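Note: the block below is data.txt and it holds compact mmCIF, N, CA, C and O atoms.
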# COMPACT_ATOMS: atom_id res chain seq x y z
N MET A 1 78.79 2.68 42.17
CA MET A 1 77.93 1.82 42.95
C MET A 1 76.48 2.18 42.66
O MET A 1 76.14 3.35 42.54
N ILE A 2 75.65 1.17 42.59
CA ILE A 2 74.23 1.39 42.35
C ILE A 2 73.46 0.83 43.53
O ILE A 2 73.65 -0.32 43.92
N PHE A 3 72.60 1.64 44.09
CA PHE A 3 71.73 1.22 45.18
C PHE A 3 70.29 1.44 44.72
O PHE A 3 69.90 2.57 44.44
N GLN A 4 69.55 0.37 44.63
CA GLN A 4 68.13 0.49 44.28
C GLN A 4 67.33 0.20 45.53
O GLN A 4 67.59 -0.75 46.25
N PHE A 5 66.33 1.04 45.79
CA PHE A 5 65.53 0.82 46.97
C PHE A 5 64.12 1.33 46.77
O PHE A 5 63.87 2.19 45.93
N ALA A 6 63.22 0.76 47.53
CA ALA A 6 61.82 1.18 47.56
C ALA A 6 61.50 1.51 49.01
O ALA A 6 61.89 0.78 49.92
N MET A 7 60.80 2.62 49.21
CA MET A 7 60.45 3.04 50.56
C MET A 7 58.97 3.39 50.59
O MET A 7 58.43 3.88 49.61
N GLU A 8 58.36 3.16 51.73
CA GLU A 8 56.95 3.50 51.90
C GLU A 8 56.84 4.78 52.72
O GLU A 8 57.45 4.91 53.77
N HIS A 9 56.07 5.73 52.20
CA HIS A 9 55.85 7.01 52.87
C HIS A 9 54.38 7.37 52.79
O HIS A 9 53.70 7.01 51.84
N PRO A 10 53.88 8.14 53.75
CA PRO A 10 52.50 8.62 53.67
C PRO A 10 52.32 9.57 52.49
O PRO A 10 53.27 10.23 52.05
N GLN A 11 51.09 9.66 52.00
CA GLN A 11 50.77 10.61 50.95
C GLN A 11 51.08 12.02 51.43
O GLN A 11 50.68 12.41 52.52
N ASP A 12 51.82 12.75 50.62
CA ASP A 12 52.16 14.13 50.99
C ASP A 12 53.03 14.72 49.89
O ASP A 12 53.40 14.04 48.94
N GLU A 13 53.38 15.99 50.06
CA GLU A 13 54.34 16.64 49.18
C GLU A 13 55.68 16.67 49.92
O GLU A 13 55.76 17.12 51.06
N TYR A 14 56.71 16.20 49.26
CA TYR A 14 58.05 16.12 49.83
C TYR A 14 58.99 16.95 48.98
O TYR A 14 58.62 17.45 47.92
N GLU A 15 60.22 17.07 49.46
CA GLU A 15 61.23 17.74 48.64
C GLU A 15 62.59 17.10 48.89
O GLU A 15 62.89 16.63 49.98
N PHE A 16 63.37 17.05 47.84
CA PHE A 16 64.77 16.66 47.93
C PHE A 16 65.53 17.97 48.03
O PHE A 16 65.47 18.79 47.12
N TRP A 17 66.18 18.21 49.17
CA TRP A 17 66.76 19.53 49.40
C TRP A 17 68.23 19.53 49.77
O TRP A 17 68.85 20.58 49.86
N SER A 18 68.81 18.38 49.97
CA SER A 18 70.22 18.35 50.31
C SER A 18 70.76 16.93 50.15
O SER A 18 70.02 16.00 49.89
N TYR A 19 72.04 16.80 50.33
CA TYR A 19 72.67 15.49 50.36
C TYR A 19 73.99 15.60 51.10
O TYR A 19 74.53 16.69 51.29
N SER A 20 74.50 14.46 51.53
CA SER A 20 75.79 14.40 52.20
C SER A 20 76.44 13.07 51.82
O SER A 20 75.86 12.01 52.06
N LEU A 21 77.60 13.12 51.20
CA LEU A 21 78.32 11.93 50.80
C LEU A 21 79.63 11.87 51.58
O LEU A 21 80.42 12.82 51.54
N PHE A 22 79.87 10.77 52.26
CA PHE A 22 81.08 10.61 53.06
C PHE A 22 81.95 9.54 52.44
O PHE A 22 81.48 8.46 52.10
N THR A 23 83.22 9.84 52.26
CA THR A 23 84.19 8.85 51.78
C THR A 23 85.26 8.64 52.83
O THR A 23 85.68 9.58 53.50
N ASN A 24 85.70 7.40 52.98
CA ASN A 24 86.73 7.07 53.95
C ASN A 24 87.73 6.15 53.28
O ASN A 24 87.44 4.99 53.01
N LEU A 25 88.90 6.68 52.99
CA LEU A 25 89.96 5.90 52.37
C LEU A 25 91.13 5.74 53.34
O LEU A 25 92.29 5.85 52.97
N GLY A 26 90.82 5.51 54.60
CA GLY A 26 91.86 5.39 55.61
C GLY A 26 92.26 6.75 56.13
O GLY A 26 91.51 7.40 56.84
N TYR A 27 93.45 7.22 55.73
CA TYR A 27 93.92 8.53 56.18
C TYR A 27 93.18 9.69 55.51
O TYR A 27 93.20 10.80 55.98
N ILE A 28 92.58 9.41 54.38
CA ILE A 28 91.89 10.46 53.64
C ILE A 28 90.39 10.28 53.80
O ILE A 28 89.84 9.24 53.43
N GLN A 29 89.75 11.28 54.37
CA GLN A 29 88.30 11.27 54.54
C GLN A 29 87.75 12.58 54.02
O GLN A 29 88.40 13.61 54.12
N ASP A 30 86.55 12.51 53.46
CA ASP A 30 85.96 13.72 52.93
C ASP A 30 84.44 13.60 52.97
O ASP A 30 83.90 12.50 52.89
N THR A 31 83.76 14.73 53.12
CA THR A 31 82.31 14.78 53.08
C THR A 31 81.91 15.81 52.03
O THR A 31 82.41 16.93 52.04
N PHE A 32 81.05 15.40 51.11
CA PHE A 32 80.58 16.29 50.06
C PHE A 32 79.16 16.73 50.37
O PHE A 32 78.30 15.90 50.64
N ARG A 33 78.93 18.04 50.32
CA ARG A 33 77.60 18.62 50.53
C ARG A 33 77.39 19.69 49.46
O ARG A 33 78.36 20.22 48.93
N PRO A 34 76.12 20.03 49.18
CA PRO A 34 75.90 21.07 48.17
C PRO A 34 76.39 22.43 48.67
O PRO A 34 76.32 22.72 49.86
N LYS A 35 76.88 23.24 47.74
CA LYS A 35 77.35 24.58 48.09
C LYS A 35 76.20 25.56 48.19
O LYS A 35 76.34 26.61 48.80
N LYS A 36 75.07 25.25 47.54
CA LYS A 36 73.94 26.17 47.52
C LYS A 36 72.66 25.43 47.88
O LYS A 36 72.54 24.23 47.66
N ASP A 37 71.71 26.17 48.42
CA ASP A 37 70.41 25.60 48.75
C ASP A 37 69.63 25.31 47.47
O ASP A 37 69.76 26.02 46.47
N PHE A 38 68.80 24.28 47.51
CA PHE A 38 67.93 23.97 46.39
C PHE A 38 66.73 23.20 46.90
O PHE A 38 66.69 22.74 48.03
N SER A 39 65.72 23.06 46.06
CA SER A 39 64.52 22.33 46.42
C SER A 39 63.95 21.66 45.17
O SER A 39 63.73 22.32 44.16
N ILE A 40 63.75 20.34 45.24
CA ILE A 40 63.14 19.59 44.15
C ILE A 40 61.89 18.92 44.73
O ILE A 40 61.99 18.01 45.55
N PRO A 41 60.70 19.39 44.33
CA PRO A 41 59.47 18.84 44.90
C PRO A 41 59.15 17.45 44.36
O PRO A 41 59.39 17.16 43.19
N ILE A 42 58.61 16.61 45.25
CA ILE A 42 58.18 15.25 44.89
C ILE A 42 56.85 15.00 45.58
O ILE A 42 56.76 15.14 46.81
N GLU A 43 55.83 14.65 44.81
CA GLU A 43 54.52 14.37 45.38
C GLU A 43 54.26 12.87 45.38
O GLU A 43 54.45 12.19 44.38
N LEU A 44 53.85 12.35 46.55
CA LEU A 44 53.51 10.94 46.69
C LEU A 44 52.02 10.83 46.96
O LEU A 44 51.46 11.59 47.75
N LYS A 45 51.38 9.85 46.30
CA LYS A 45 49.94 9.65 46.45
C LYS A 45 49.67 8.33 47.15
O LYS A 45 50.43 7.37 47.00
N SER A 46 48.57 8.28 47.87
CA SER A 46 48.18 7.07 48.60
C SER A 46 47.82 5.94 47.62
O SER A 46 47.13 6.16 46.63
N GLY A 47 48.33 4.75 47.90
CA GLY A 47 48.00 3.58 47.10
C GLY A 47 48.68 3.52 45.74
O GLY A 47 48.31 2.72 44.90
N VAL A 48 49.66 4.39 45.53
CA VAL A 48 50.34 4.47 44.24
C VAL A 48 51.84 4.28 44.44
O VAL A 48 52.42 4.84 45.37
N ILE A 49 52.46 3.48 43.59
CA ILE A 49 53.91 3.37 43.59
C ILE A 49 54.42 4.50 42.70
O ILE A 49 54.02 4.59 41.53
N THR A 50 55.26 5.35 43.25
CA THR A 50 55.78 6.49 42.51
C THR A 50 57.25 6.26 42.19
O THR A 50 58.07 6.13 43.10
N TYR A 51 57.56 6.21 40.92
CA TYR A 51 58.96 6.07 40.47
C TYR A 51 59.53 7.47 40.28
O TYR A 51 58.99 8.27 39.51
N ILE A 52 60.61 7.80 41.01
CA ILE A 52 61.19 9.14 40.91
C ILE A 52 62.52 9.17 40.15
O ILE A 52 63.11 10.23 40.02
N GLY A 53 62.98 8.05 39.65
CA GLY A 53 64.17 8.03 38.81
C GLY A 53 65.45 7.73 39.54
O GLY A 53 65.47 7.31 40.69
N ASN A 54 66.55 7.94 38.81
CA ASN A 54 67.90 7.71 39.33
C ASN A 54 68.55 9.02 39.70
O ASN A 54 68.43 10.00 38.98
N ILE A 55 69.28 9.00 40.79
CA ILE A 55 70.05 10.16 41.21
C ILE A 55 71.52 9.73 41.16
O ILE A 55 71.92 8.80 41.84
N ILE A 56 72.29 10.42 40.33
CA ILE A 56 73.71 10.11 40.19
C ILE A 56 74.50 11.29 40.74
O ILE A 56 74.30 12.42 40.31
N PHE A 57 75.39 11.02 41.70
CA PHE A 57 76.19 12.07 42.32
C PHE A 57 77.57 12.14 41.67
O PHE A 57 78.24 11.13 41.51
N TYR A 58 77.97 13.35 41.33
CA TYR A 58 79.32 13.63 40.84
C TYR A 58 79.93 14.65 41.79
O TYR A 58 79.69 15.85 41.65
N PRO A 59 80.70 14.21 42.78
CA PRO A 59 81.23 15.14 43.78
C PRO A 59 82.04 16.29 43.19
O PRO A 59 82.09 17.37 43.75
N GLN A 60 82.69 16.07 42.06
CA GLN A 60 83.43 17.15 41.41
C GLN A 60 83.02 17.21 39.95
O GLN A 60 83.85 17.16 39.05
N GLY A 61 81.71 17.32 39.74
CA GLY A 61 81.11 17.13 38.43
C GLY A 61 81.28 18.22 37.41
O GLY A 61 81.24 17.95 36.22
N ASN A 62 81.44 19.46 37.81
CA ASN A 62 81.62 20.53 36.82
C ASN A 62 82.46 21.65 37.42
O ASN A 62 82.97 21.51 38.53
N GLU A 63 82.56 22.74 36.70
CA GLU A 63 83.42 23.83 37.16
C GLU A 63 82.97 24.44 38.48
O GLU A 63 83.73 25.11 39.17
N ASN A 64 81.71 24.20 38.86
CA ASN A 64 81.19 24.75 40.11
C ASN A 64 81.27 23.76 41.27
O ASN A 64 80.81 24.03 42.36
N GLY A 65 81.83 22.59 41.02
CA GLY A 65 81.95 21.60 42.10
C GLY A 65 80.94 20.49 41.95
O GLY A 65 80.81 19.90 40.89
N TYR A 66 80.23 20.21 43.01
CA TYR A 66 79.32 19.07 43.07
C TYR A 66 78.22 19.18 42.03
O TYR A 66 77.76 20.26 41.69
N GLN A 67 77.76 18.04 41.58
CA GLN A 67 76.68 18.01 40.60
C GLN A 67 75.88 16.73 40.78
O GLN A 67 76.43 15.69 41.15
N ILE A 68 74.59 16.81 40.54
CA ILE A 68 73.70 15.65 40.56
C ILE A 68 73.07 15.53 39.19
O ILE A 68 72.65 16.53 38.61
N GLU A 69 73.00 14.32 38.70
CA GLU A 69 72.28 14.06 37.45
C GLU A 69 71.05 13.23 37.81
O GLU A 69 71.16 12.21 38.48
N TRP A 70 69.87 13.70 37.44
CA TRP A 70 68.61 13.02 37.76
C TRP A 70 68.04 12.49 36.46
O TRP A 70 67.74 13.25 35.55
N THR A 71 67.91 11.17 36.34
CA THR A 71 67.51 10.56 35.07
C THR A 71 66.34 9.59 35.24
O THR A 71 66.11 9.07 36.32
N ASP A 72 65.65 9.37 34.15
CA ASP A 72 64.58 8.36 34.09
C ASP A 72 65.19 7.10 33.51
O ASP A 72 65.49 7.03 32.32
N ASN A 73 65.41 6.12 34.34
CA ASN A 73 65.96 4.83 33.91
C ASN A 73 64.95 3.73 34.23
O ASN A 73 65.30 2.63 34.62
N SER A 74 63.67 4.07 34.08
CA SER A 74 62.59 3.18 34.54
C SER A 74 62.56 1.84 33.82
O SER A 74 62.20 0.84 34.42
N GLU A 75 62.91 1.82 32.55
CA GLU A 75 62.86 0.57 31.81
C GLU A 75 63.71 -0.51 32.50
O GLU A 75 63.28 -1.63 32.70
N TYR A 76 64.91 -0.15 32.89
CA TYR A 76 65.81 -1.07 33.59
C TYR A 76 65.40 -1.24 35.05
O TYR A 76 65.29 -2.36 35.54
N ASP A 77 65.20 -0.12 35.74
CA ASP A 77 64.91 -0.16 37.18
C ASP A 77 63.67 -0.97 37.51
O ASP A 77 63.66 -1.77 38.45
N LEU A 78 62.60 -0.77 36.76
CA LEU A 78 61.34 -1.43 37.09
C LEU A 78 61.42 -2.94 36.89
O LEU A 78 60.80 -3.70 37.63
N THR A 79 62.21 -3.38 35.93
CA THR A 79 62.42 -4.82 35.76
C THR A 79 63.06 -5.41 37.01
O THR A 79 62.63 -6.43 37.53
N LYS A 80 64.08 -4.72 37.54
CA LYS A 80 64.77 -5.18 38.75
C LYS A 80 63.86 -5.08 39.98
O LYS A 80 63.84 -5.98 40.82
N PHE A 81 63.10 -3.98 40.10
CA PHE A 81 62.19 -3.82 41.25
C PHE A 81 61.12 -4.90 41.26
O PHE A 81 60.77 -5.43 42.31
N LYS A 82 60.58 -5.23 40.11
CA LYS A 82 59.51 -6.25 40.03
C LYS A 82 60.04 -7.62 40.45
O LYS A 82 59.32 -8.41 41.05
N GLU A 83 61.32 -7.89 40.14
CA GLU A 83 61.95 -9.13 40.59
C GLU A 83 62.16 -9.12 42.11
O GLU A 83 61.91 -10.10 42.79
N LYS A 84 62.63 -7.99 42.61
CA LYS A 84 62.98 -7.88 44.03
C LYS A 84 61.76 -7.76 44.94
O LYS A 84 61.76 -8.24 46.07
N TYR A 85 60.70 -7.10 44.43
CA TYR A 85 59.49 -6.87 45.22
C TYR A 85 58.26 -7.39 44.46
O TYR A 85 57.40 -6.61 44.04
N PRO A 86 58.15 -8.71 44.29
CA PRO A 86 57.04 -9.24 43.47
C PRO A 86 55.65 -9.05 44.08
O PRO A 86 54.66 -9.12 43.36
N ASN A 87 55.55 -8.80 45.37
CA ASN A 87 54.24 -8.66 46.01
C ASN A 87 53.67 -7.25 45.95
O ASN A 87 52.56 -7.02 46.41
N TYR A 88 54.42 -6.29 45.40
CA TYR A 88 53.90 -4.93 45.27
C TYR A 88 52.88 -4.88 44.14
O TYR A 88 52.96 -5.64 43.18
N ASN A 89 51.95 -3.95 44.24
CA ASN A 89 50.94 -3.77 43.19
C ASN A 89 51.52 -2.88 42.09
O ASN A 89 51.31 -1.67 42.08
N TRP A 90 52.22 -3.47 41.15
CA TRP A 90 52.91 -2.71 40.11
C TRP A 90 51.96 -2.06 39.11
O TRP A 90 52.35 -1.15 38.38
N SER A 91 50.70 -2.48 39.10
CA SER A 91 49.73 -1.84 38.19
C SER A 91 49.40 -0.42 38.65
O SER A 91 48.85 0.37 37.88
N SER A 92 49.74 -0.08 39.90
CA SER A 92 49.47 1.26 40.42
C SER A 92 50.62 2.24 40.14
O SER A 92 50.58 3.38 40.58
N LEU A 93 51.63 1.81 39.40
CA LEU A 93 52.83 2.60 39.19
C LEU A 93 52.56 3.90 38.43
O LEU A 93 51.86 3.91 37.43
N GLU A 94 53.15 4.98 38.93
CA GLU A 94 53.18 6.27 38.24
C GLU A 94 54.62 6.73 38.19
O GLU A 94 55.33 6.67 39.18
N LYS A 95 55.04 7.22 37.02
CA LYS A 95 56.37 7.83 36.93
C LYS A 95 56.23 9.30 37.27
O LYS A 95 55.37 9.99 36.75
N ASN A 96 57.06 9.76 38.20
CA ASN A 96 57.07 11.16 38.59
C ASN A 96 58.52 11.61 38.73
O ASN A 96 58.95 12.03 39.80
N VAL A 97 59.27 11.47 37.65
CA VAL A 97 60.68 11.83 37.66
C VAL A 97 60.80 13.35 37.59
O VAL A 97 60.31 13.96 36.66
N PRO A 98 61.40 13.97 38.61
CA PRO A 98 61.53 15.43 38.61
C PRO A 98 62.28 15.93 37.37
O PRO A 98 63.20 15.29 36.88
N SER A 99 61.86 17.09 36.90
CA SER A 99 62.53 17.69 35.75
C SER A 99 62.96 19.13 36.03
O SER A 99 63.54 19.77 35.18
N GLU A 100 62.65 19.62 37.23
CA GLU A 100 63.06 20.97 37.59
C GLU A 100 62.98 21.14 39.10
O GLU A 100 62.40 20.32 39.80
N GLY A 101 63.55 22.21 39.56
CA GLY A 101 63.52 22.53 40.98
C GLY A 101 63.72 24.02 41.18
O GLY A 101 63.82 24.78 40.22
N LYS A 102 63.79 24.44 42.42
CA LYS A 102 63.95 25.86 42.76
C LYS A 102 65.37 26.12 43.25
O LYS A 102 65.98 25.27 43.90
N ASN A 103 65.84 27.30 42.98
CA ASN A 103 67.16 27.75 43.42
C ASN A 103 68.29 26.87 42.90
O ASN A 103 69.26 26.61 43.60
N LEU A 104 68.12 26.38 41.69
CA LEU A 104 69.16 25.54 41.09
C LEU A 104 70.02 26.42 40.18
O LEU A 104 69.67 26.71 39.05
N THR A 105 71.14 26.84 40.71
CA THR A 105 72.04 27.68 39.94
C THR A 105 73.35 26.94 39.71
O THR A 105 73.63 25.93 40.34
N ASP A 106 74.13 27.43 38.82
CA ASP A 106 75.47 26.89 38.54
C ASP A 106 75.45 25.42 38.16
O ASP A 106 76.37 24.68 38.48
N LYS A 107 74.36 24.99 37.50
CA LYS A 107 74.25 23.61 37.03
C LYS A 107 74.46 22.60 38.16
O LYS A 107 75.10 21.56 37.98
N LEU A 108 73.93 22.91 39.32
CA LEU A 108 74.05 22.01 40.47
C LEU A 108 73.40 20.66 40.18
O LEU A 108 73.92 19.61 40.50
N ILE A 109 72.21 20.70 39.55
CA ILE A 109 71.50 19.48 39.21
C ILE A 109 71.14 19.52 37.74
O ILE A 109 70.62 20.51 37.25
N GLU A 110 71.43 18.45 37.03
CA GLU A 110 71.12 18.35 35.62
C GLU A 110 70.06 17.26 35.46
O GLU A 110 70.25 16.13 35.91
N PHE A 111 68.95 17.61 34.84
CA PHE A 111 67.87 16.65 34.63
C PHE A 111 67.98 16.10 33.21
O PHE A 111 68.11 16.85 32.26
N LYS A 112 67.92 14.75 33.10
CA LYS A 112 68.02 14.11 31.77
C LYS A 112 66.90 13.11 31.62
O LYS A 112 66.51 12.45 32.53

Could you write out this structure as structure tokens?
Amino acid sequence: MIFQFAMEHPQDEYEFWSYSLFTNLGYIQDTFRPKKDFSIPIELKSGVITYIGNIIFYPQGNENGYQIEWTDNSEYDLTKFKEKYPNYNWSSLEKNVPSEGKNLTDKLIEFK
């Protein structure tokens, strides 16, 4: 499943530090959370559209369990965003796709 979204936030320094994925298949339910703490910083600036990339979750992605793949798919994404949000000031766009974070061990997050 692909979910594309744009959100407005005040200028500040943020971090992506956790996630929770819930699945419900009737009798079988499960919630996936990271096994270890991590921090991926993201800076947002006033008056600027910041593209942070795609986050792909693999609940059982490698030998250590959960894994996230963070990729720059801006060529495709921005075409769709410009169609969906034509009134945004796209000339202010900055790409700020994270490429590293803190406390990322056991290949928890892979940046591509």

- Name the closest residue to Asp12 (chain A) among the candidates A:Ser46, A:Asn73, A:Ser39, A:Gln29; distances are taken between atoms, counting all atoms listed in the file. A:Ser46

- Query: Near Ile2 (chain A), within 10 Å and counting only C-alpha atoms, which residues show up once chain neighbours fewer than 4 positions away are dropped, as number ranges by chain?
  - Reply: A: 54-56

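When DSSP reads the backbone of this structure, the residues of chain A it assigns to alpha helix (DSSP H) are Ser74, Glu75, Tyr76, Asp77, Leu78, Thr79, Lys80, Phe81, Lys82, Glu83 and Lys84 of chain A.
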
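Among the candidates A:Leu21, A:Lys36, A:Thr79, A:Ile49, the residue lying nearest to Leu93 (chain A) is A:Ile49 (atoms considered: all atoms listed in the file).
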
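Nearest residue to Trp17 (chain A) among A:Ser99, A:Phe5, A:Phe38, A:Arg33 is A:Phe38, counting only N, CA, C and O atoms.
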
- Task: Name all residues at most 6 Å from region 13-16 of chain A (count only N, CA, C and O atoms; drop same-chain ones fewer than 4 positions away) and give them as a ChimeraX atom specification.
- Result: /A:38-44

Box dimensions and centre (Å, one decimal) enclosing region 73-92 of chain A, axis-aligned, 6 Å extra per side, as JSON:
{"center_x": 57.4, "center_y": -2.0, "center_z": 39.1, "size_x": 29.1, "size_y": 28.2, "size_z": 26.6}

- Query: Using all atoms listed in the file, which of A:Lys45, A:Lys80, A:Lys102, A:Lys95 sits nearest His9 (chain A)?
  - Reply: A:Lys45

- Determine the nearest neighbour of Asn89 (chain A) from the options A:Tyr19, A:Val48, A:Asp72, A:Asn24, counting only C-alpha atoms. A:Val48

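Across the model, the gap from atom O of Gly47 (chain A) to atom O of Gln11 (chain A) is 12.6 Å.
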
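Checking A:Ser91, A:Gln67, A:Gln4, A:Asn96 one by one against Tyr51 (chain A), counting all atoms listed in the file, you find the shortest gap at A:Asn96.
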
- Task: Give the strand (DSSP E) residues of chain A, as assigned by DSSP on the backbone, as JSON, numbers by chain.
- Result: {"A": [12, 13, 14, 15, 16, 21, 22, 23, 24, 25, 28, 29, 30, 31, 32, 40, 41, 42, 43, 44, 50, 51, 54, 55, 56, 57, 58, 59, 60, 61, 62, 65, 66, 67, 68, 69, 70, 71, 94, 95, 109, 110, 111]}
